[in-house]
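Notes follow once the structure below has been shown.
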Amino acid sequence: MTKVSLTIDNRKVETDKESTILQAARLIGVNIPTLCYMKLDDLNFENKPGGCRICVVEVEGAKNLMPACKTECRDGMVVHTHSVRVVNARRTVLELILSDHPAECLICARSGDCDLQSLAQQLGIREIHYQGEQSHYKSDQSPAIIREMDKCIMCRRCETICNDVQTVGTLSAINRGFRAVVATPFETDLDHSSCTYCGQCVAVCPTGALTEKDYTRKVIEAIVDPSKTVVVQTAPAVRAALGESFGMSPGTLVTGKMVAALKKLGFDYVFDTDFAADLTIMEEGAEILDRLTRYFDGDSNVKLPILTSCCPGWVNFLEYHFPEMKDIPSTAKSPQQMFGAIAKSYLAQKIGVAREDLFVVSVMPCLAKKYECTREEFFINGDPDVDVSISTRELAHLIRNANLHFEGLTDEEFDHPMGESTGASVIFGTTGGVIEAAVRSAYELFTKKELKKVDFEELRGMEGIRKAEVDFDGVLLKVGIAHGLGNARKLLEEIKSGESDFHAIEIMACPGGCIGGGGQPYHHGNVEILKKRQKAIYKEDKGKAIRKSHENPYIQQLYREFLGEPLSHKAHKLLHTCYFDRKKKIEF
Amino acid sequence: MAKIRIPQNKVEELRQICKSFNYDKNELINVLHSAQKLFGYLPAEVQELVAQELNVPLAKVYGVVSFYSFFDMVPKGKYPVSICLGTACYVRGAEKVLAEFKKHIGINVGETSADGKFSISCLRCVGACGLAPVVTIGERVYGRVAPDDVQKILKDYY
């Protein structure tokens, strides 16, 4: 690659010709402020419309100020990133943006964690010199995501991630000039669009325009209601990220503190979604084995590859975009819903509480889970298996609200019986984890031999699509992994065209899997945070005494006392589901 | 948006249009131009079909349609009235002319009268600035239009 040498703020820097002024400046520790720009390395996401003009710099010899995020370096370039002209322009641009932004910071969901607010602080804006018309849009309230487009600054990050990374195609900029805004086709609300609720638009939104629907009030009301027994479950990826909300460094595992906090919040039972993840492996693993055994026996009616079904964002994507393939995924419910179904049957019986008096809360890294628990098929007589799903961020709010000093809490243990889990279930939180967990159990059940080495390095990593072959004692199991819905689409197209020869595929809607979920603490464009969370997940797995789902003693007890065996009639009724065709039909 | 039934033969024609552009995503604007010529406007169903045929997200199609003022999502009137609001026409009082049209027809910009006869839109420059302010009705161009002329002009179309 050709190297060029340029001067930025009187300092020499050498860089590749293709790199931008913004990138070159970062090499020498000059952080030019940005707003619309966002790049997620390794995840195929780069938003640089060059539209906000916050990153403008002065290039000697050029008439106009140049956007640093889009201007490529040239040899001998002399750049000033904080000359008076630049600083004045930057302030003007920001004041103009703020002049059409509601001054609601005190009560905004993003307050204290907002890119626009931080920038106003950084530039020391104390007055807005421009007064003009303000945009007003109807607020869009879906069960998972809230859109307050008055707060949109048209950075278009959501549009880029929705179209380029997720290929869902729900959001696009519409209209022009002052009326320009990001919207769904024909400006319907999200509930009537093809939105999968993956929440990645929320994860990259710089302001409070896109946020999760907050259910913390409902949780508090249930806890203080003496007639309710309130049970909480926490997803694997939550413990690897929650600490960030309290200033702890990314990748800090806070399992014990999280449990302690939940107990102090007043939940009657603090359980683990990981328990249900082990259960998922029992059912999904049995299904994989059943299909594989029949396939190897020559049954040509078997649907292969089998696709994992833990991720509700992915399930929505399948139902909207590939409904013709809806009989391919495993019928196993997601761990969240398995937990709910077992809590409101087995556990309710065990602790002697009526189903309707049991209130199940889930803490998820995910926004699609909020929608998932409202799906009709997960209700019995009007009573949902999971009453409320809150995000990692909402749990952090609850903890702060209860005046707890999170960092100082002493570690506590999950309750029994639904708090015991294995290493296999923990790794559900990262891309590649579900299939690795399934392989650990399927191997032993298929070969009837003990699996000596439980770490499958070939299934791990951050690459968007990964392919691997796992040796099942002479039989090669071909495994595919995709994270991010755009990557999922590629694998699905392969299956559709008949090119695919996979036996099993894991799909996660969010880049990185659940660690990068739409409900996690904001990463503000720093992919290293996701990688550290991933490391933490594998660390938790390594530290577990039991690392294969089928060896979880409480899972064994559950089958013994209640379910019988995997895929039994009772298991089918409680733990399996079906998928629907939700594709928008064109009517003529 | 109310569902509109599109005649089957026109659906086929639209498919042919997409085919004639080799289903090329980059031809989206040209496809939409042809589609608007075929239907007179671009109802939701037409946009959905174009999105499907070209394999472009519907959101993108709607984004393009809503961006360009040339594209319409409501059927135009039999006599589409366009008032130029370009700089030359504007400084010579086009806004007052527009107000007269709105008053006499009884609709706003972007709307079509209940009898389907008139619709009003605004445009930026027809290249006849010497005749400012300029109004076009269908293919016919009116120059140096004064607010008082509006009633007389409309009379020809009743």
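Chain lettering (A, B, ...) mirrors the order of the structure tokens, residue numbering begins at 1 for each chain separately, and ligand numbering begins at 1 in order of display.
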Next item on the list: Could you give me, as a ChimeraX atom specification, each residue of segment 10-60 of chain A that DSSP assigns to strand (DSSP E) when run on this structure's backbone?
Entry: /A:11-16,38-40,45-47,56-59
Next item on the list: Give as a VMD selection string every residue of chain B that touches chain A within 6 Å, counting only C-alpha atoms.
Entry: chain B and resid 5 to 6 57 59 to 60 62 to 63 66 to 67
Next item on the list: Could you give me the residues within chain B that DSSP places in helix (DSSP H, G or I), as a VMD selection string?
Entry: chain B and resid 8 to 20 25 to 39 44 to 54 58 to 67 87 to 91 94 to 105 129 to 131 147 to 155
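Every protein, DNA or RNA residue with an atom at most 10 Å from Ala99 of chain B, where only C-alpha atoms count and chain neighbours fewer than 5 positions away do not, is listed here: Ala94, His104, Asn108, Val109, Pro147 and Val150 of chain B.
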Next, the residues of the selection above should be written as a compact mmCIF listing (two decimals), in the first residue's frame with C-alpha atoms.
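Listing of result13.txt after writing:
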# COMPACT_ATOMS: atom_id res chain seq x y z
CA ALA B 94 -45.75 33.37 -7.98
CA HIS B 104 -60.43 28.71 -6.61
CA ASN B 108 -53.70 22.45 -1.17
CA VAL B 109 -50.42 21.74 -2.90
CA PRO B 147 -53.45 36.61 -9.61
CA VAL B 150 -56.40 32.72 -12.49
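For the pair atom CA of Lys496 of chain A and atom CA of Val434 of chain A, the interatomic distance is 23.0 Å.
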Notebook entry, point to check: Any idea what's packed within 12 Å of segment 13-23 of chain B, counting only C-alpha atoms, ignoring anything in its chain fewer than 6 positions away? Could you give it as an MDAnalysis selection string?
Noted result: chainID B and resid 6:7 29:39 42 45:56
Selected residues written out with C-alpha atoms, as a PDB file, in the first residue's frame:
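Okay, selection-v8.pdb is ready:
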ATOM      1  CA  ILE B   6     -54.170  -2.390  -9.913  1.00  0.00           C
ATOM      2  CA  PRO B   7     -55.356  -4.028 -13.136  1.00  0.00           C
ATOM      3  CA  ILE B  29     -35.154   6.037 -10.449  1.00  0.00           C
ATOM      4  CA  ASN B  30     -35.633   5.244 -14.130  1.00  0.00           C
ATOM      5  CA  VAL B  31     -37.908   2.326 -13.309  1.00  0.00           C
ATOM      6  CA  LEU B  32     -39.981   4.598 -11.074  1.00  0.00           C
ATOM      7  CA  HIS B  33     -40.182   7.192 -13.865  1.00  0.00           C
ATOM      8  CA  SER B  34     -41.539   4.573 -16.245  1.00  0.00           C
ATOM      9  CA  ALA B  35     -43.892   3.253 -13.590  1.00  0.00           C
ATOM     10  CA  GLN B  36     -45.284   6.705 -12.937  1.00  0.00           C
ATOM     11  CA  LYS B  37     -45.817   7.166 -16.660  1.00  0.00           C
ATOM     12  CA  LEU B  38     -47.735   3.885 -16.716  1.00  0.00           C
ATOM     13  CA  PHE B  39     -49.936   4.474 -13.672  1.00  0.00           C
ATOM     14  CA  LEU B  42     -46.923   5.599  -7.590  1.00  0.00           C
ATOM     15  CA  GLU B  45     -48.566  -1.446  -4.316  1.00  0.00           C
ATOM     16  CA  VAL B  46     -46.523  -0.253  -7.275  1.00  0.00           C
ATOM     17  CA  GLN B  47     -43.604   0.598  -4.991  1.00  0.00           C
ATOM     18  CA  GLU B  48     -43.873  -2.803  -3.314  1.00  0.00           C
ATOM     19  CA  LEU B  49     -43.768  -4.570  -6.654  1.00  0.00           C
ATOM     20  CA  VAL B  50     -40.781  -2.524  -7.841  1.00  0.00           C
ATOM     21  CA  ALA B  51     -38.967  -3.276  -4.559  1.00  0.00           C
ATOM     22  CA  GLN B  52     -39.645  -6.971  -4.988  1.00  0.00           C
ATOM     23  CA  GLU B  53     -38.649  -7.130  -8.648  1.00  0.00           C
ATOM     24  CA  LEU B  54     -35.417  -5.154  -8.228  1.00  0.00           C
ATOM     25  CA  ASN B  55     -34.668  -6.772  -4.851  1.00  0.00           C
ATOM     26  CA  VAL B  56     -34.325  -3.379  -3.166  1.00  0.00           C
TER      27      VAL B  56
END
Notebook entry, point to check: Excluding same-chain residues fewer than 5 positions from Gly138 of chain B, what lies within 9 Å of it counting only C-alpha atoms, as number ranges by chain?
Noted result: B: 78-82
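Minimum atom-to-atom distances from A:Thr308, A:Thr280, A:Gln200, A:Ser139 to Gly517 of chain A were compared using only C-alpha atoms, and the lowest value belongs to A:Gln200.
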Margin query: Excluding Ile399 of chain A and its own-chain neighbours fewer than 5 positions away, which residues fall within 9 Å of it when counting only C-alpha atoms? Please give them as a VMD selection string.
Written below: chain A and resid 261 to 262 264 to 265 394 404 to 406
Can you write just those residues out, N, CA and C atoms, as a short mmCIF file (atom, residue, chain, number, x, y, z; two decimals), in the first residue's frame?
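Result file part32.cif:
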data_model
loop_
_atom_site.label_atom_id
_atom_site.label_comp_id
_atom_site.auth_asym_id
_atom_site.auth_seq_id
_atom_site.Cartn_x
_atom_site.Cartn_y
_atom_site.Cartn_z
N ALA A 261 -27.43 -8.15 43.59
CA ALA A 261 -28.26 -6.96 43.34
C ALA A 261 -29.71 -7.37 43.15
N LEU A 262 -29.94 -8.44 42.39
CA LEU A 262 -31.31 -8.88 42.12
C LEU A 262 -32.01 -9.30 43.41
N LYS A 264 -31.31 -8.14 46.37
CA LYS A 264 -31.58 -6.91 47.14
C LYS A 264 -32.74 -6.13 46.53
N LEU A 265 -32.94 -6.29 45.22
CA LEU A 265 -34.07 -5.61 44.58
C LEU A 265 -35.41 -6.19 45.04
N GLU A 394 -31.82 -1.59 31.38
CA GLU A 394 -32.90 -1.33 32.34
C GLU A 394 -32.57 -1.90 33.71
N LEU A 404 -28.30 1.03 45.31
CA LEU A 404 -27.30 0.01 45.60
C LEU A 404 -25.94 0.46 45.07
N HIS A 405 -24.91 0.15 45.86
CA HIS A 405 -23.55 0.43 45.39
C HIS A 405 -23.06 -0.85 44.73
N PHE A 406 -23.29 -0.96 43.42
CA PHE A 406 -23.09 -2.22 42.71
C PHE A 406 -21.68 -2.78 42.87
#
Item checked: Closest of A:Ala332, A:Leu409, A:Ala504, A:Val439 to Pro305 of chain A - atom-to-atom distances counting only C-alpha atoms -> A:Ala504
Note to self: With only C-alpha atoms as the counted atoms, please give the residues lying no more than 10 Å from Leu574 of chain A, apart from itself and same-chain residues fewer than 5 positions off, as a list in words.
What the structure shows: Ala332, Lys333, Gln337, Met338, Phe339, Gly340, Ala341, Ile342, Ser345, Phe378, Leu563, Ser568 and His569 of chain A
I need the chosen residues saved as a short mmCIF file (atom, residue, chain, number, x, y, z; two decimals), in the first residue's frame, with C-alpha atoms.
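File written: again-v8.cif
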data_model
loop_
_atom_site.label_atom_id
_atom_site.label_comp_id
_atom_site.auth_asym_id
_atom_site.auth_seq_id
_atom_site.Cartn_x
_atom_site.Cartn_y
_atom_site.Cartn_z
CA ALA A 332 -37.19 -25.68 20.31
CA LYS A 333 -38.33 -22.47 22.00
CA GLN A 337 -39.49 -18.93 26.71
CA MET A 338 -38.42 -22.39 27.90
CA PHE A 339 -37.63 -20.83 31.24
CA GLY A 340 -41.04 -19.18 31.40
CA ALA A 341 -42.87 -22.36 30.44
CA ILE A 342 -41.04 -24.46 33.05
CA SER A 345 -45.56 -25.28 35.39
CA PHE A 378 -46.46 -18.14 24.56
CA LEU A 563 -40.68 -34.01 31.55
CA SER A 568 -41.48 -36.41 25.00
CA HIS A 569 -45.13 -35.40 24.65
#
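The spacing separating atom CA of Arg53 of chain A from atom CA of Asn526 of chain A amounts to 21.2 Å.
As for atom CA of Ala103 of chain A and atom CA of Gln122 of chain A, they are spaced 17.1 Å apart.
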Note to self: When you count only C-alpha atoms, which of these residues is closest to Val232 of chain A: A:Glu283, A:Asp140, A:Glu18, A:Asp415?
What the structure shows: A:Asp415
